[in-house]
Amino acid sequence: MMQKEEEFFLQVLADYLNGRLTRVPEDLDWSVIESIGEAHEMTGVIYHQCKNNIVQFNLPDTEKNKWKRVYISNFILYSKRLALLKQVDAAFQKENIPYLIFKGTEIAKYYPVPAQRTMGDSDFLVHEQDKQRACEALTRLGFEMDLTRSNYNEWHIIKNDMTIELHHKLIYDYNVELEAIQNWGNKVWDYVTVYNNQARRELDLTYHLVYTILHLRKHLLQEIVGFRQFMDVAELALQADINWKQAELWFDELNLGNFSQVCFAFCRKWFDIQIPNRKCELEDDFYTLFTEKMLAGGVFGLIIDKKATENVVFNEMRFAKSSSVYGILKYAFLPYEKMRPLPYCKFLDGRPYLLPVAWCWRFIYRFGKVVPLLKGAYDSDTIKKKEDMLTKWGL
């Protein structure tokens with residue numbers, strides 16, 4: 001059963017998205033509210049909805065100032081992010097590098113208070129042939145590549161604690177992805193708007209909504225999902241420019257019809273919003289179990305490395321057109337371009353002939369993952385639990 005502070009937190013989110021005032025009960029434990037806000041990176045949202053009450057309540061000045069400090073800090077960080085993005089835009093415009101921004105940084109502008117939509121990075125998409133030039137342009141602006149986090153697909157480039165995640169595809173060859181999803185993601189440049197021959201493109205809202213559902217699916221399968229991802233879905237779904245007929249066609253094409261309905265059902269129930277999409281009813285037990293899990297998990301969900309590895313293999317079994325053994329081998333014996341950026345395989349850079357040595361070292365380095373891999377592939381109880389949960393999600 002949810003605590004009253006947890007119920008209040010959900011009420012705050014609903015009021016925030018609906019532009020309503022929040023009625024604050026007098027018997028709340030604000031230390032619990034503060035912990036929930038910090039865990040979900042929603043402290044600024046709570047303060048925005050309750051700042052008058054926080055000021056008036058009998059809280060220590062240090063606590064009141066802490067709430068306000070986070071709120072103001074989010075505005076400062078957001079302003080710095082916008083200023084830096086403006087520099088990047090000018091650089092890409094000069095170099096004639098078409099690009100678009102997607103996910104959190106772009107969706108934030110639809111929030112009631114964009115600065116309070118916190119994020120760890122900004123996701124940029126460029127054409128694959130422009131990726132190196134884009135990286136060089138960012139380097140001239142003072143950005144540096146984070147080699148410990150970057151891989152062949154996603155380049156993490158940092159300046160002043162701001163990270164740009166540079167992509168050349170929306171959807172990569174993840175083990176759990178299907179061919180139809182890959183092909184759909186490759187059409188992204190067909191659904192952008194160009195303004196006055198500028199370098200920056202703007203992604204079609206309907207396409208962005210469907211992609212956000214796809215991305216939520218990926219996080220859910222890995223069990224690293226929080227309220228923020230669902231709020232992004234809700235904000236996009238509320239936009240008047242969404243073409244729901246086209247969205248439904250894409251959901252069906254990607255076999256996401258049932259899953260999207262379940263996602264929208266949670267958004268309706270948590271956030272008290274109306275989404276013009278086919279409705280489904282959530283079982284009470286399923287709603288309660290998942291809501292409690294989300295509340296406990298924080299901004300990215302509760303996940304330990306062992307369980308993440310188990311999920312990789314299970315998802316390979318469930319969705320890929322291959323056997324579980326193939327899934328394990330595919331995970332263990334990565335190609336050169338994916339092995340090279342790994343921090344424990346730096347010796348491989350420029351030496352593809354050492355790939356067999358790197359595979360052996362990878363096995364030694366990650367030996368502790370062998371047991372969960374086998375568990376994820378062959379344990380019948382694990383498989384049944386995950387299968388049952390995916391069925392409830394329409395997957």
# chains A, B, ... in the order shown; residues from 1 in each chain; ligands from 1
>>> select_by_dssp(residues="range 87-253 of chain A", states="alpha helix (DSSP H)", output="JSON, numbers by chain")
{"A": [87, 88, 89, 90, 91, 92, 93, 94, 95, 104, 105, 106, 107, 131, 132, 133, 134, 135, 136, 137, 138, 139, 140, 179, 180, 181, 182, 183, 184, 185, 205, 206, 207, 208, 209, 210, 211, 212, 213, 214, 215, 216, 217, 218, 219, 220, 221, 222, 227, 228, 229, 230, 231, 232, 233, 234, 235, 236, 237, 244, 245, 246, 247, 248, 249, 250, 251, 252, 253]}
>>> residues_around(residues="Phe9 in chain A", least_positions_apart="6", cutoff="10 Å", atoms="only C-alpha atoms", output="number ranges by chain")
A: 3, 15, 33, 36-37, 42, 45-46, 295
>>> residues_around(residues="Asn183 in chain A", least_positions_apart="4", cutoff="10 Å", atoms="only C-alpha atoms", output="ChimeraX atom specification")
/A:171,178-179,187-188,254
>>> write_last_selection(atoms="all heavy atoms", output="compact mmCIF listing (two decimals), in the first residue's frame")
# COMPACT_ATOMS: atom_id res chain seq x y z
N ILE A 171 17.81 4.13 -33.87
CA ILE A 171 17.69 2.79 -33.31
C ILE A 171 18.83 1.95 -33.86
O ILE A 171 19.00 1.82 -35.08
CB ILE A 171 16.34 2.15 -33.68
CG1 ILE A 171 15.18 3.02 -33.17
CG2 ILE A 171 16.23 0.74 -33.11
CD1 ILE A 171 13.85 2.69 -33.77
N LEU A 178 13.74 -5.70 -33.56
CA LEU A 178 13.31 -6.46 -34.71
C LEU A 178 13.60 -5.68 -35.99
O LEU A 178 13.79 -4.46 -35.97
CB LEU A 178 11.81 -6.76 -34.61
CG LEU A 178 11.38 -7.50 -33.34
CD1 LEU A 178 9.86 -7.61 -33.29
CD2 LEU A 178 12.01 -8.88 -33.29
N GLU A 179 13.60 -6.39 -37.11
CA GLU A 179 13.94 -5.77 -38.38
C GLU A 179 12.99 -4.63 -38.73
O GLU A 179 13.41 -3.58 -39.23
CB GLU A 179 13.93 -6.82 -39.48
CG GLU A 179 14.39 -6.30 -40.83
CD GLU A 179 14.44 -7.39 -41.88
OE1 GLU A 179 14.20 -8.55 -41.52
OE2 GLU A 179 14.71 -7.07 -43.05
N LYS A 187 14.04 5.66 -41.30
CA LYS A 187 13.26 6.62 -42.09
C LYS A 187 13.18 7.99 -41.42
O LYS A 187 12.44 8.87 -41.87
CB LYS A 187 11.84 6.09 -42.33
CG LYS A 187 11.77 4.82 -43.15
CD LYS A 187 10.35 4.44 -43.49
CE LYS A 187 9.53 4.12 -42.27
NZ LYS A 187 8.16 3.64 -42.60
N VAL A 188 13.91 8.19 -40.34
CA VAL A 188 13.76 9.39 -39.52
C VAL A 188 13.91 10.68 -40.32
O VAL A 188 13.17 11.65 -40.12
CB VAL A 188 14.74 9.37 -38.32
CG1 VAL A 188 16.18 9.25 -38.78
CG2 VAL A 188 14.55 10.60 -37.45
N LEU A 254 4.75 -1.60 -36.06
CA LEU A 254 5.85 -1.96 -35.16
C LEU A 254 5.41 -2.94 -34.08
O LEU A 254 6.18 -3.23 -33.16
CB LEU A 254 6.41 -0.70 -34.50
CG LEU A 254 6.97 0.35 -35.47
CD1 LEU A 254 7.32 1.64 -34.73
CD2 LEU A 254 8.18 -0.19 -36.20
>>> atom_distance(atom1="CA of Val233 in chain A", atom2="CA of Asp204 in chain A")
14.4 Å
>>> closest_residue(among="A:Leu147, A:Ile97, A:Ile157, A:Ala296", to="Asp130 in chain A", atoms="only C-alpha atoms")
A:Ile97
>>> closest_residue(among="A:Asp349, A:Lys384, A:Gly394, A:Asn65", to="Gly257 in chain A", atoms="only C-alpha atoms")
A:Gly394
>>> residues_around(residues="range 126-129 of chain A", least_positions_apart="3", cutoff="12 Å", atoms="only C-alpha atoms", output="PyMOL selection string")
chain A and resi 92+96-102+123+132-135+152-155+165-170+186-189+199-201
